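With mmCIF, C-alpha atoms (C1' of nucleotides) inside, this is protein_15.cif:
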data_entry
loop_
_atom_site.label_atom_id
_atom_site.label_comp_id
_atom_site.auth_asym_id
_atom_site.auth_seq_id
_atom_site.Cartn_x
_atom_site.Cartn_y
_atom_site.Cartn_z
CA MET A 1 -28.04 -2.10 -9.08
CA HIS A 2 -28.83 -1.93 -5.41
CA HIS A 3 -25.20 -1.17 -4.64
CA ARG A 4 -25.19 1.71 -7.04
CA LEU A 5 -28.25 3.28 -5.44
CA GLN A 6 -26.73 2.85 -2.03
CA GLU A 7 -23.56 4.46 -3.15
CA ILE A 8 -25.29 7.52 -4.52
CA VAL A 9 -27.11 7.97 -1.24
CA ILE A 10 -23.86 7.70 0.65
CA MET A 11 -22.11 10.16 -1.61
CA GLY A 12 -24.99 12.58 -1.29
CA THR A 13 -24.77 12.46 2.46
CA CYS A 14 -21.05 13.02 2.39
CA LEU A 15 -21.10 15.89 -0.01
CA THR A 16 -23.81 17.63 1.94
CA MET A 17 -21.79 17.17 5.04
CA SER A 18 -18.56 18.35 3.54
CA LYS A 19 -20.14 21.68 2.70
CA LYS A 20 -21.05 22.16 6.32
CA LYS A 21 -17.64 21.09 7.54
CA ARG A 22 -15.68 24.06 6.34
CA LYS A 23 -13.38 24.30 9.30
CA ARG A 24 -9.81 23.31 8.62
CA TYR A 25 -8.05 20.80 10.83
CA GLY A 26 -6.61 22.46 13.91
CA GLY A 27 -3.46 21.69 15.84
CA ALA A 28 0.11 22.57 15.09
CA ALA A 29 0.32 24.65 11.96
CA GLN A 30 2.43 22.88 9.41
CA GLY A 31 4.14 25.37 7.17
CA ASN A 32 2.67 28.24 5.26
CA ARG A 33 -0.77 28.33 3.78
CA ARG A 34 -0.67 29.22 0.17
CA PRO A 35 -3.46 31.41 -1.11
CA LEU A 36 -6.25 29.56 -2.87
CA ASP A 37 -5.14 29.23 -6.45
CA GLY A 38 -8.56 29.25 -8.00
CA SER A 39 -9.33 25.69 -6.99
CA HIS A 40 -11.79 25.18 -4.19
CA GLU A 41 -9.57 22.61 -2.53
CA GLU A 42 -7.22 23.74 0.17
CA PRO A 43 -3.54 22.89 -0.03
CA MET A 44 -2.17 20.02 2.03
CA PRO A 45 1.60 20.43 2.04
CA LEU A 46 3.69 17.34 2.61
CA PRO A 47 6.24 17.63 5.41
CA ASN A 48 9.92 17.49 4.58
CA PRO A 49 11.43 15.32 5.91
CA MET A 50 8.41 13.04 5.93
CA VAL A 51 8.72 11.83 9.50
CA GLY A 52 5.22 12.13 10.90
CA PHE A 53 4.63 13.50 14.39
CA ASN A 54 7.66 11.67 15.71
CA LEU A 55 9.96 8.72 15.09
CA PRO A 56 11.46 6.01 17.31
CA ASN A 57 14.46 7.24 19.29
CA ASP A 58 14.07 10.93 18.69
CA ARG A 59 13.09 12.68 21.87
CA LEU A 60 14.28 15.98 20.51
CA ARG A 61 10.95 16.73 18.92
CA SER A 62 8.02 16.19 21.22
CA VAL A 63 5.01 17.17 19.19
CA THR A 64 1.66 17.51 20.86
CA ARG A 65 -1.60 17.84 19.06
CA ARG A 66 -5.11 18.75 19.96
CA LEU A 67 -7.76 16.63 18.28
CA PRO A 68 -11.00 18.25 17.18
CA GLN A 69 -13.77 17.37 19.65
CA GLN A 70 -15.66 15.32 17.06
CA ALA A 71 -12.62 13.15 16.42
CA ILE A 72 -12.20 11.88 19.94
CA GLY A 73 -13.16 8.21 20.32
CA PRO A 74 -14.42 5.67 21.02
CA PRO A 75 -13.63 3.98 18.82
CA PHE A 76 -10.01 4.60 18.00
CA PHE A 77 -9.57 4.52 14.28
CA TYR A 78 -6.60 4.37 11.96
CA TYR A 79 -6.76 5.18 8.27
CA GLU A 80 -4.01 4.87 5.65
CA ASN A 81 -3.41 5.73 1.99
CA VAL A 82 -0.69 6.88 -0.40
CA ALA A 83 0.78 10.26 0.45
CA LEU A 84 1.27 11.36 -3.14
CA ALA A 85 -2.36 11.42 -4.12
CA PRO A 86 -3.75 13.95 -6.60
CA LYS A 87 -4.27 17.44 -5.29
CA GLY A 88 -7.15 17.89 -2.89
CA VAL A 89 -7.58 14.22 -2.06
CA TRP A 90 -6.04 14.42 1.40
CA ALA A 91 -7.93 17.62 2.16
CA THR A 92 -11.13 15.76 1.39
CA ILE A 93 -10.18 12.67 3.36
CA SER A 94 -9.19 14.81 6.32
CA ARG A 95 -12.45 16.75 6.15
CA PHE A 96 -14.50 13.56 6.27
CA LEU A 97 -12.44 12.06 9.07
CA TYR A 98 -13.37 14.78 11.54
CA ASP A 99 -10.79 17.33 10.39
CA ILE A 100 -7.88 15.39 11.82
CA GLU A 101 -4.52 16.46 10.45
CA PRO A 102 -2.90 13.60 8.51
CA GLU A 103 0.39 12.15 9.69
CA PHE A 104 2.64 11.70 6.66
CA VAL A 105 5.45 9.19 7.09
CA ASP A 106 8.00 7.78 4.69
CA SER A 107 8.83 4.31 5.96
CA LYS A 108 12.41 4.75 4.78
CA HIS A 109 12.95 6.30 8.19
CA LEU A 110 12.03 2.98 9.80
CA CYS A 111 13.15 0.33 7.34
CA ALA A 112 15.22 -0.18 4.19
CA ALA A 113 12.55 0.74 1.66
CA ALA A 114 10.69 3.95 0.93
CA ARG A 115 6.93 4.04 1.45
CA LYS A 116 5.32 7.45 1.53
CA ARG A 117 1.97 7.20 3.22
CA GLY A 118 -0.54 9.38 4.99
CA TYR A 119 -2.23 8.20 8.17
CA ILE A 120 -5.27 9.72 9.83
CA HIS A 121 -5.99 8.48 13.32
CA ASN A 122 -7.25 9.62 16.68
CA LEU A 123 -4.64 7.74 18.71
CA PRO A 124 -2.47 9.45 21.30
CA ILE A 125 1.02 10.13 20.01
CA GLU A 126 2.92 10.24 23.29
CA ASN A 127 4.90 7.27 24.57
CA ARG A 128 5.02 5.38 21.31
CA PHE A 129 7.56 2.58 21.09
CA PRO A 130 8.93 0.62 18.13
CA LEU A 131 8.83 -3.08 17.42
CA LEU A 132 11.97 -4.96 18.36
CA PRO A 133 14.27 -5.88 16.91
CA LEU A 134 14.54 -2.66 14.96
CA PRO A 135 14.44 -3.52 11.27
CA PRO A 136 17.48 -2.93 9.05
CA LYS A 137 17.51 0.53 7.52
CA THR A 138 19.87 -0.05 4.62
CA ILE A 139 20.00 -2.57 1.81
CA PHE A 140 23.26 -4.04 3.07
CA GLU A 141 21.97 -4.43 6.62
CA ALA A 142 18.92 -6.20 5.27
CA PHE A 143 20.75 -8.34 2.70
CA PRO A 144 24.49 -8.49 3.46
CA HIS A 145 25.19 -10.93 0.66
CA TYR A 146 24.37 -8.35 -1.99
CA LYS A 147 27.51 -6.40 -1.07
CA LYS A 148 29.59 -8.87 -2.98
CA TRP A 149 28.37 -7.82 -6.41
CA TRP A 150 27.34 -4.23 -5.69
CA PRO A 151 29.36 -1.92 -7.98
CA SER A 152 30.88 1.19 -6.45
CA TRP A 153 29.02 3.40 -8.92
CA ASP A 154 25.62 2.28 -7.60
CA PRO A 155 25.11 4.73 -4.73
CA ARG A 156 21.80 3.32 -3.46
CA ARG A 157 21.64 2.45 0.22
CA GLN A 158 17.85 2.10 0.41
CA LEU A 159 15.19 0.76 -1.91
CA ASN A 160 12.38 2.68 -3.53
CA CYS A 161 8.74 1.96 -2.87
CA LEU A 162 7.82 -1.72 -3.05
CA GLN A 163 5.11 -1.88 -5.68
CA THR A 164 2.76 -4.53 -6.96
CA SER A 165 4.55 -5.72 -10.08
CA MET A 166 8.09 -6.75 -10.84
CA SER A 167 10.53 -6.35 -13.70
CA SER A 168 10.94 -8.95 -16.41
CA ALA A 169 13.78 -11.41 -16.78
CA LYS A 170 14.48 -9.83 -20.16
CA LEU A 171 15.53 -6.63 -18.46
CA THR A 172 18.10 -8.50 -16.39
CA GLU A 173 19.41 -9.90 -19.66
CA ARG A 174 19.56 -6.54 -21.42
CA ILE A 175 21.42 -4.97 -18.52
CA GLN A 176 23.86 -7.85 -18.38
CA CYS A 177 24.58 -7.44 -22.09
CA ALA A 178 25.06 -3.70 -21.78
CA LEU A 179 27.55 -4.15 -18.94
CA ALA A 180 29.40 -7.07 -20.48
CA SER A 181 30.08 -5.15 -23.65
CA SER A 182 31.52 -2.13 -21.84
CA GLY A 183 34.53 -1.56 -19.61
CA ASN A 184 34.85 -1.43 -15.87
CA PRO A 185 33.67 0.96 -14.71
CA PRO A 186 31.21 1.37 -17.57
CA PRO A 187 30.83 4.74 -19.30
CA LYS A 188 28.48 7.27 -17.74
CA SER A 189 25.80 6.67 -20.33
CA VAL A 190 25.62 2.96 -19.48
CA GLN A 191 25.72 3.74 -15.77
CA LYS A 192 22.78 6.07 -16.18
CA TYR A 193 20.77 3.51 -18.13
CA VAL A 194 21.43 0.80 -15.55
CA MET A 195 20.77 3.05 -12.58
CA ASP A 196 17.53 4.34 -14.06
CA GLU A 197 16.26 0.80 -14.49
CA CYS A 198 17.53 -0.27 -11.06
CA ARG A 199 15.71 2.58 -9.36
CA LYS A 200 12.58 2.12 -11.39
CA TRP A 201 12.31 -1.62 -10.66
CA ASN A 202 14.09 -1.84 -7.29
CA LEU A 203 16.76 -4.17 -8.66
CA VAL A 204 19.57 -5.64 -6.59
CA TRP A 205 22.96 -7.08 -7.60
CA VAL A 206 22.92 -10.85 -7.48
CA GLY A 207 25.95 -11.68 -9.62
CA LYS A 208 28.61 -10.29 -11.90
CA ASN A 209 26.86 -7.68 -14.05
CA LYS A 210 23.62 -9.27 -12.98
CA VAL A 211 20.67 -7.49 -11.39
CA ALA A 212 17.36 -9.02 -10.36
CA HIS A 213 14.11 -8.03 -8.73
CA LEU A 214 13.43 -8.89 -5.11
CA GLU A 215 11.85 -12.20 -4.20
CA PRO A 216 8.56 -12.44 -2.30
CA ASP A 217 10.22 -13.46 0.96
CA GLU A 218 12.52 -10.44 0.75
CA VAL A 219 9.55 -8.12 0.30
CA GLU A 220 7.82 -9.79 3.23
CA TYR A 221 10.91 -9.17 5.33
CA LEU A 222 11.22 -5.50 4.35
CA LEU A 223 7.55 -4.91 5.10
CA GLY A 224 7.81 -6.53 8.53
CA PHE A 225 5.79 -9.68 7.89
CA PRO A 226 6.74 -13.13 9.13
CA ARG A 227 8.62 -15.28 6.67
CA ASP A 228 6.39 -17.06 4.14
CA HIS A 229 3.37 -15.05 5.28
CA THR A 230 2.02 -15.06 1.73
CA ARG A 231 3.28 -18.48 0.78
CA GLY A 232 0.97 -20.86 -1.05
CA VAL A 233 -0.34 -18.56 -3.76
CA GLY A 234 1.14 -17.65 -7.13
CA LYS A 235 4.18 -15.42 -7.20
CA THR A 236 2.40 -12.69 -9.11
CA GLU A 237 -0.39 -12.69 -6.55
CA ARG A 238 2.13 -12.47 -3.72
CA PHE A 239 3.79 -9.41 -5.19
CA LYS A 240 0.44 -7.77 -5.73
CA SER A 241 -0.79 -8.42 -2.20
CA LEU A 242 2.49 -7.38 -0.62
CA GLY A 243 2.75 -4.25 -2.75
CA ASN A 244 -0.67 -3.21 -1.49
CA SER A 245 0.04 -3.77 2.18
CA PHE A 246 1.19 -1.84 5.22
CA GLN A 247 4.76 -1.49 6.36
CA VAL A 248 4.28 -3.28 9.65
CA ASP A 249 6.94 -1.50 11.73
CA THR A 250 5.54 1.89 10.78
CA VAL A 251 1.96 0.99 11.62
CA ALA A 252 2.98 -0.84 14.78
CA TYR A 253 4.83 2.23 16.00
CA HIS A 254 1.62 4.21 15.76
CA LEU A 255 -0.50 1.46 17.32
CA SER A 256 1.94 0.79 20.17
CA VAL A 257 0.11 3.26 22.44
CA LEU A 258 -2.77 0.78 22.63
CA LYS A 259 -0.75 -1.82 24.47
CA ASP A 260 -1.02 -0.32 27.94
CA MET A 261 -4.60 0.75 27.39
CA TYR A 262 -5.90 -2.74 26.59
CA PRO A 263 -4.12 -5.35 28.72
CA ASN A 264 -7.02 -7.74 28.13
CA GLY A 265 -6.98 -7.40 24.38
CA VAL A 266 -8.95 -5.55 21.75
CA ASN A 267 -11.90 -5.98 19.44
CA VAL A 268 -10.91 -4.85 15.96
CA LEU A 269 -12.90 -3.90 12.90
CA SER A 270 -10.47 -4.29 10.03
CA LEU A 271 -11.51 -2.79 6.69
CA PHE A 272 -9.70 -3.54 3.42
CA THR A 273 -7.64 -6.00 5.46
CA GLY A 274 -5.49 -7.26 2.62
CA ILE A 275 -2.93 -9.71 3.97
CA GLY A 276 -3.45 -8.42 7.50
CA GLY A 277 -0.72 -5.84 8.07
CA GLY A 278 -2.66 -4.29 10.94
CA GLU A 279 -3.28 -7.64 12.57
CA VAL A 280 0.38 -8.62 12.25
CA ALA A 281 1.36 -5.29 13.78
CA LEU A 282 -0.93 -5.81 16.78
CA HIS A 283 0.30 -9.36 17.20
CA ARG A 284 3.94 -8.34 17.09
CA LEU A 285 3.18 -5.66 19.68
CA GLY A 286 1.83 -8.34 21.96
CA ILE A 287 -1.69 -6.92 21.88
CA HIS A 288 -4.20 -9.73 22.06
CA MET A 289 -7.05 -9.68 19.54
CA ARG A 290 -10.18 -11.06 21.12
CA THR A 291 -12.17 -10.46 17.98
CA VAL A 292 -11.36 -9.30 14.48
CA VAL A 293 -14.13 -8.57 12.03
CA SER A 294 -12.29 -8.38 8.74
CA VAL A 295 -13.58 -7.03 5.46
CA GLU A 296 -11.56 -8.01 2.40
CA ILE A 297 -12.73 -8.50 -1.18
CA GLY A 298 -9.84 -10.64 -2.38
CA GLU A 299 -10.28 -14.34 -1.87
CA VAL A 300 -6.54 -14.96 -1.94
CA ASN A 301 -5.98 -12.33 0.75
CA ARG A 302 -8.70 -13.79 2.94
CA ARG A 303 -7.05 -17.18 2.64
CA ILE A 304 -3.68 -15.74 3.64
CA LEU A 305 -5.15 -14.00 6.68
CA ARG A 306 -7.09 -17.10 7.72
CA GLY A 307 -3.97 -19.23 7.46
CA TRP A 308 -1.95 -16.86 9.63
CA TRP A 309 -4.78 -16.44 12.11
CA ASP A 310 -5.29 -20.15 12.65
CA GLN A 311 -1.58 -20.63 13.27
CA THR A 312 -1.00 -17.73 15.64
CA GLN A 313 -4.26 -16.54 17.21
CA THR A 314 -6.77 -17.78 19.76
CA GLY A 315 -9.43 -15.13 19.24
CA THR A 316 -12.36 -15.06 16.85
CA LEU A 317 -11.97 -14.07 13.22
CA ILE A 318 -15.05 -13.14 11.20
CA GLU A 319 -14.44 -12.58 7.50
CA ILE A 320 -16.66 -10.48 5.27
CA ALA A 321 -16.04 -10.01 1.56
CA ASP A 322 -17.60 -6.68 0.64
CA VAL A 323 -17.68 -3.40 2.57
CA LYS A 324 -20.97 -2.57 0.93
CA SER A 325 -22.57 -5.56 2.63
CA LEU A 326 -21.47 -4.32 6.05
CA THR A 327 -24.57 -2.25 6.64
CA ASP A 328 -25.17 0.07 9.56
CA ASP A 329 -27.58 -2.48 11.00
CA ARG A 330 -25.00 -5.24 10.93
CA ILE A 331 -22.50 -2.89 12.52
CA ALA A 332 -24.91 -2.15 15.35
CA THR A 333 -25.39 -5.87 15.87
CA PHE A 334 -21.65 -6.46 16.05
CA VAL A 335 -21.26 -3.60 18.49
CA ARG A 336 -23.89 -5.07 20.79
CA ARG A 337 -22.45 -8.56 20.47
CA PHE A 338 -18.85 -7.63 21.26
CA GLY A 339 -19.44 -4.65 23.51
CA GLY A 340 -18.06 -2.28 20.90
CA PHE A 341 -14.93 -2.05 18.80
CA ASP A 342 -11.73 -0.69 20.29
CA LEU A 343 -10.08 -0.06 16.92
CA VAL A 344 -11.27 0.45 13.36
CA ILE A 345 -8.31 0.09 11.04
CA GLY A 346 -7.79 0.05 7.30
CA GLY A 347 -6.34 1.59 4.18
CA SER A 348 -8.81 2.09 1.37
CA PRO A 349 -7.90 1.31 -2.26
CA CYS A 350 -5.20 3.50 -3.73
CA ASN A 351 -5.26 2.40 -7.32
CA ASN A 352 -7.12 5.46 -8.57
CA LEU A 353 -4.75 7.70 -6.61
CA ALA A 354 -1.38 6.10 -7.30
CA GLY A 355 1.02 7.69 -9.72
CA SER A 356 1.81 4.44 -11.49
CA ASN A 357 -1.71 4.13 -12.77
CA ARG A 358 -1.81 5.45 -16.33
CA HIS A 359 -5.32 4.35 -17.09
CA HIS A 360 -7.64 5.25 -14.26
CA ARG A 361 -5.97 7.75 -11.99
CA ASP A 362 -9.35 9.28 -11.38
CA GLY A 363 -8.81 10.47 -7.83
CA LEU A 364 -11.03 9.81 -4.85
CA GLU A 365 -14.10 9.40 -7.04
CA GLY A 366 -12.48 6.55 -8.99
CA GLU A 367 -14.23 3.21 -8.96
CA GLN A 368 -12.13 1.58 -6.23
CA SER A 369 -10.77 4.57 -4.36
CA ALA A 370 -14.29 5.88 -3.78
CA LEU A 371 -14.67 3.02 -1.31
CA PHE A 372 -13.02 5.45 1.09
CA TYR A 373 -16.49 6.83 1.68
CA HIS A 374 -17.49 3.44 3.07
CA TYR A 375 -14.58 3.63 5.47
CA PHE A 376 -15.95 6.94 6.69
CA ARG A 377 -19.52 5.61 6.79
CA ILE A 378 -18.49 2.59 8.82
CA VAL A 379 -16.38 4.52 11.33
CA ASP A 380 -19.25 6.89 11.80
CA ALA A 381 -21.72 4.03 12.22
CA VAL A 382 -19.50 2.40 14.87
CA LYS A 383 -19.19 5.75 16.60
CA SER A 384 -22.91 6.32 16.83
CA ALA A 385 -23.69 2.70 17.74
CA MET A 386 -21.17 2.93 20.57
CA GLY A 387 -22.63 6.23 21.63
CA ARG A 388 -25.93 4.43 22.24
CA MET A 389 -24.35 1.72 24.42
"C1'" DC B 1 -5.96 -32.35 -28.56
"C1'" DC B 2 -8.38 -28.75 -26.02
"C1'" DG B 3 -9.34 -25.04 -23.08
"C1'" DA B 4 -8.94 -22.60 -18.62
"C1'" DG B 5 -6.03 -20.19 -15.79
"C1'" DG B 6 -1.65 -18.45 -14.58
"C1'" DA B 7 2.85 -16.32 -15.85
"C1'" DT B 8 5.50 -13.20 -18.64
"C1'" DG B 9 6.69 -9.02 -21.24
"C1'" DA B 10 5.90 -4.67 -23.18
"C1'" DG B 11 3.91 -0.38 -23.40
"C1'" DC B 12 1.39 2.81 -21.40
"C1'" DG B 13 1.62 9.62 -19.48
"C1'" DT B 14 1.14 12.46 -15.73
"C1'" DA B 15 0.82 15.02 -11.41
"C1'" DC B 16 3.37 16.63 -8.02
"C1'" DC B 17 7.21 16.94 -5.52
"C1'" DT B 18 12.44 18.64 -4.70
"C1'" DA C 1 15.19 20.07 -14.74
"C1'" DG C 2 14.83 15.68 -12.77
"C1'" DG C 3 12.86 12.00 -10.23
"C1'" DT C 4 9.23 9.15 -8.21
"C1'" DA C 5 4.83 6.51 -8.02
"C1'" DC C 6 0.35 0.32 -2.72
"C1'" DG C 7 -1.10 0.06 -11.66
"C1'" DC C 8 -3.71 -1.43 -15.92
"C1'" DT C 9 -4.26 -3.81 -20.20
"C1'" DC C 10 -3.37 -6.60 -23.79
"C1'" DA C 11 -1.02 -10.19 -26.39
"C1'" DT C 12 1.40 -14.31 -25.99
"C1'" DC C 13 3.22 -18.32 -24.00
"C1'" DC C 14 3.24 -22.09 -20.60
"C1'" DT C 15 1.10 -25.70 -17.74
"C1'" DC C 16 -1.94 -28.68 -16.33
"C1'" DG C 17 -6.10 -31.73 -15.95
"C1'" DG C 18 -9.53 -33.87 -18.77
#

Spell out the structure here as structure tokens.
Amino acid sequence: MHHRLQEIVIMGTCLTMSKKKRKRYGGAAQGNRRPLDGSHEEPMPLPNPMVGFNLPNDRLRSVTRRLPQQAIGPPFFYYENVALAPKGVWATISRFLYDIEPEFVDSKHLCAAARKRGYIHNLPIENRFPLLPLPPKTIFEAFPHYKKWWPSWDPRRQLNCLQTSMSSAKLTERIQCALASSGNPPPKSVQKYVMDECRKWNLVWVGKNKVAHLEPDEVEYLLGFPRDHTRGVGKTERFKSLGNSFQVDTVAYHLSVLKDMYPNGVNVLSLFTGIGGGEVALHRLGIHMRTVVSVEIGEVNRRILRGWWDQTQTGTLIEIADVKSLTDDRIATFVRRFGGFDLVIGGSPCNNLAGSNRHHRDGLEGEQSALFYHYFRIVDAVKSAMGRM
DNA sequence: CCGAGGATGAGCGTACCT
DNA sequence: AGGTACGCTCATCCTCGG
């Protein structure tokens, strides 16, 4: 009851504000502006290819950007969500996050699996560097042993987006039957059936006529996590947590600029932490985390993060379950206690934005995805608390 | 045996892109 | 015209401790 009231107040504030903030994000113009097609939302075209402001090892394009004055830190912040959200969602997110132009990146340019995501951050974009070793960018580089059974008529060299649920064993069986009862190579119709299923479920060839879904440790590897990062919980839970997480190499590339700026480490406010993709990225970059205040609703995810933290970190980890309980007052107290946050990082829930959701793809006002407004509230609260320091 | 909790399998449209 | 998408729900079965 109390939460609901609070939420309405927050929404009211935001909506009022969004009316005032009419200005579009500045910086490098990205393609043509279509005329308003009756809707009040402005278009947010996705770049093609989806490579963000720059990629590792391409010095051909040196993009510069000018951040809106309001967007300039402290703190630095880093926000993430699915790129293919319903129309108008990214325009709204951008408007709330100080009119910063989103950086859209498909992680297939950095690893062996696609992951189309938008990132809004106020980090510098010059002198980025990638994590080493560079991750494999094709299926065969990542998993050489799959070459053995890969048929010549399967042209895939990269995987599709790693999602939260996996195919059934029955499907493996059906495909095996279909292939066994046809020649080699199979007729086009069978090829199409098999390829459609393989693409839909990210299947790989593990035996003669036999496809299977990836295993949790393979997903961990593709996403840039240490081996067995999510070990110790049910398999279904692992897939769900991994499917919801960052691609570590991609995020680390963006965060790499922090390394020289904070030789003594950083204080991090981590929202919607999940299994700790941001923390793993900072750790792999060699950026020390003095303090992480982590907000994560899932008990399983909190346990995974705590397990990793205790094994690898010396700093302080404070875990909070619910973003709604992180009030502006508590934020101010944290800011005083730690001397401010250097980075606020997080991706808010995508389930009401994601295309796979048949039931509640309600957009940014959906039950979970509306928690984005708390991300905005909290960044803004940190900003003003640090302004008073 | 019983029940809780986890795993499995199937079905579920659509918006927005190239 | 075709392809992709950090998902949800429900029924059913399995597993385990008591």

Given the file above and the PyMOL selection byres ((chain B and resi 12) around 8), which residues are selected, and can you give them as a PyMOL selection string? (chain A and resi 358) or (chain B and resi 11+13)

Picked residues, the PyMOL selection byres ((chain A) within 12 of (chain B)), as a CSV table (one decimal) with C-alpha atoms, in the frame of the given file:
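Contents of expr-v3.csv, freshly written:
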chain,number,residue,atom,x,y,z
A,44,MET,CA,-2.2,20.0,2.0
A,45,PRO,CA,1.6,20.4,2.0
A,46,LEU,CA,3.7,17.3,2.6
A,47,PRO,CA,6.2,17.6,5.4
A,48,ASN,CA,9.9,17.5,4.6
A,49,PRO,CA,11.4,15.3,5.9
A,83,ALA,CA,0.8,10.3,0.4
A,84,LEU,CA,1.3,11.4,-3.1
A,85,ALA,CA,-2.4,11.4,-4.1
A,86,PRO,CA,-3.8,14.0,-6.6
A,87,LYS,CA,-4.3,17.4,-5.3
A,88,GLY,CA,-7.2,17.9,-2.9
A,116,LYS,CA,5.3,7.4,1.5
A,165,SER,CA,4.6,-5.7,-10.1
A,166,MET,CA,8.1,-6.8,-10.8
A,167,SER,CA,10.5,-6.4,-13.7
A,168,SER,CA,10.9,-9.0,-16.4
A,169,ALA,CA,13.8,-11.4,-16.8
A,170,LYS,CA,14.5,-9.8,-20.2
A,171,LEU,CA,15.5,-6.6,-18.5
A,233,VAL,CA,-0.3,-18.6,-3.8
A,234,GLY,CA,1.1,-17.6,-7.1
A,235,LYS,CA,4.2,-15.4,-7.2
A,236,THR,CA,2.4,-12.7,-9.1
A,237,GLU,CA,-0.4,-12.7,-6.6
A,353,LEU,CA,-4.8,7.7,-6.6
A,354,ALA,CA,-1.4,6.1,-7.3
A,355,GLY,CA,1.0,7.7,-9.7
A,356,SER,CA,1.8,4.4,-11.5
A,357,ASN,CA,-1.7,4.1,-12.8
A,358,ARG,CA,-1.8,5.4,-16.3
A,359,HIS,CA,-5.3,4.4,-17.1
A,360,HIS,CA,-7.6,5.2,-14.3
A,361,ARG,CA,-6.0,7.8,-12.0
A,362,ASP,CA,-9.4,9.3,-11.4
A,363,GLY,CA,-8.8,10.5,-7.8

Chain C residues near chain A (12 Å cut-off, all atoms listed in the file) as a PyMOL selection string: chain C and resi 2-9

Grab the residues selected above and save them as a PDB file, in the frame of the given file with C-alpha atoms (C1' of nucleotides).
ATOM      1  C1'  DG C   2      14.830  15.680 -12.770  1.00  0.00           C
ATOM      2  C1'  DG C   3      12.860  12.000 -10.230  1.00  0.00           C
ATOM      3  C1'  DT C   4       9.230   9.150  -8.210  1.00  0.00           C
ATOM      4  C1'  DA C   5       4.830   6.510  -8.020  1.00  0.00           C
ATOM      5  C1'  DC C   6       0.350   0.320  -2.720  1.00  0.00           C
ATOM      6  C1'  DG C   7      -1.100   0.060 -11.660  1.00  0.00           C
ATOM      7  C1'  DC C   8      -3.710  -1.430 -15.920  1.00  0.00           C
ATOM      8  C1'  DT C   9      -4.260  -3.810 -20.200  1.00  0.00           C
TER       9       DT C   9
END

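CA of Arg284 (chain A) lies 8.8 Å from CA of Leu132 (chain A).
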
When the PyMOL selection byres ((chain A and resi 219) around 10) is applied to the structure above, which residues does it catch, written out as a JSON list (two decimals) with C-alpha atoms, in the coordinates of the input?
[["chain", "number", "residue", "atom", "x", "y", "z"],
["A", 113, "ALA", "CA", 12.55, 0.74, 1.66],
["A", 162, "LEU", "CA", 7.82, -1.72, -3.05],
["A", 163, "GLN", "CA", 5.11, -1.88, -5.68],
["A", 214, "LEU", "CA", 13.43, -8.89, -5.11],
["A", 215, "GLU", "CA", 11.85, -12.20, -4.20],
["A", 216, "PRO", "CA", 8.56, -12.44, -2.30],
["A", 217, "ASP", "CA", 10.22, -13.46, 0.96],
["A", 218, "GLU", "CA", 12.52, -10.44, 0.75],
["A", 220, "GLU", "CA", 7.82, -9.79, 3.23],
["A", 221, "TYR", "CA", 10.91, -9.17, 5.33],
["A", 222, "LEU", "CA", 11.22, -5.50, 4.35],
["A", 223, "LEU", "CA", 7.55, -4.91, 5.10],
["A", 224, "GLY", "CA", 7.81, -6.53, 8.53],
["A", 225, "PHE", "CA", 5.79, -9.68, 7.89],
["A", 227, "ARG", "CA", 8.62, -15.28, 6.67],
["A", 238, "ARG", "CA", 2.13, -12.47, -3.72],
["A", 239, "PHE", "CA", 3.79, -9.41, -5.19],
["A", 242, "LEU", "CA", 2.49, -7.38, -0.62],
["A", 243, "GLY", "CA", 2.75, -4.25, -2.75]]

Do you know which residues are at most 8 Å from region 308-317 of chain A counting only C-alpha atoms (C1' of nucleotides), after dropping those on the same chain fewer than 4 positions away, and could you put them as a PyMOL selection string? chain A and resi 229+289-294+304

Filtering to C-alpha atoms, could you give me those residues as an mmCIF file, keeping the file's coordinate frame?
data_model
loop_
_atom_site.group_PDB
_atom_site.id
_atom_site.type_symbol
_atom_site.label_atom_id
_atom_site.label_comp_id
_atom_site.auth_asym_id
_atom_site.auth_seq_id
_atom_site.Cartn_x
_atom_site.Cartn_y
_atom_site.Cartn_z
ATOM 1 C CA HIS A 229 3.370 -15.050 5.280
ATOM 2 C CA MET A 289 -7.050 -9.680 19.540
ATOM 3 C CA ARG A 290 -10.180 -11.060 21.120
ATOM 4 C CA THR A 291 -12.170 -10.460 17.980
ATOM 5 C CA VAL A 292 -11.360 -9.300 14.480
ATOM 6 C CA VAL A 293 -14.130 -8.570 12.030
ATOM 7 C CA SER A 294 -12.290 -8.380 8.740
ATOM 8 C CA ILE A 304 -3.680 -15.740 3.640
#

Could you check how far CA of Gly346 (chain A) sits from CA of Pro136 (chain A), in Å to one decimal?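 Between these atoms lies a distance of 25.5 Å.
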
Tell me, as an mmCIF file with C-alpha atoms, in the coordinates of the input, which residues lie within 10 Å of Cys198 (chain A), counting only C-alpha atoms (C1' of nucleotides); anything in the same chain fewer than 6 positions away does not count.
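What landed in out.cif:
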data_model
loop_
_atom_site.group_PDB
_atom_site.id
_atom_site.type_symbol
_atom_site.label_atom_id
_atom_site.label_comp_id
_atom_site.auth_asym_id
_atom_site.auth_seq_id
_atom_site.Cartn_x
_atom_site.Cartn_y
_atom_site.Cartn_z
ATOM 1 C CA ASP A 154 25.620 2.280 -7.600
ATOM 2 C CA ARG A 156 21.800 3.320 -3.460
ATOM 3 C CA LEU A 159 15.190 0.760 -1.910
ATOM 4 C CA ASN A 160 12.380 2.680 -3.530
ATOM 5 C CA SER A 167 10.530 -6.350 -13.700
ATOM 6 C CA LEU A 171 15.530 -6.630 -18.460
ATOM 7 C CA THR A 172 18.100 -8.500 -16.390
ATOM 8 C CA ILE A 175 21.420 -4.970 -18.520
ATOM 9 C CA LYS A 192 22.780 6.070 -16.180
ATOM 10 C CA VAL A 204 19.570 -5.640 -6.590
ATOM 11 C CA TRP A 205 22.960 -7.080 -7.600
ATOM 12 C CA VAL A 211 20.670 -7.490 -11.390
ATOM 13 C CA ALA A 212 17.360 -9.020 -10.360
ATOM 14 C CA HIS A 213 14.110 -8.030 -8.730
#
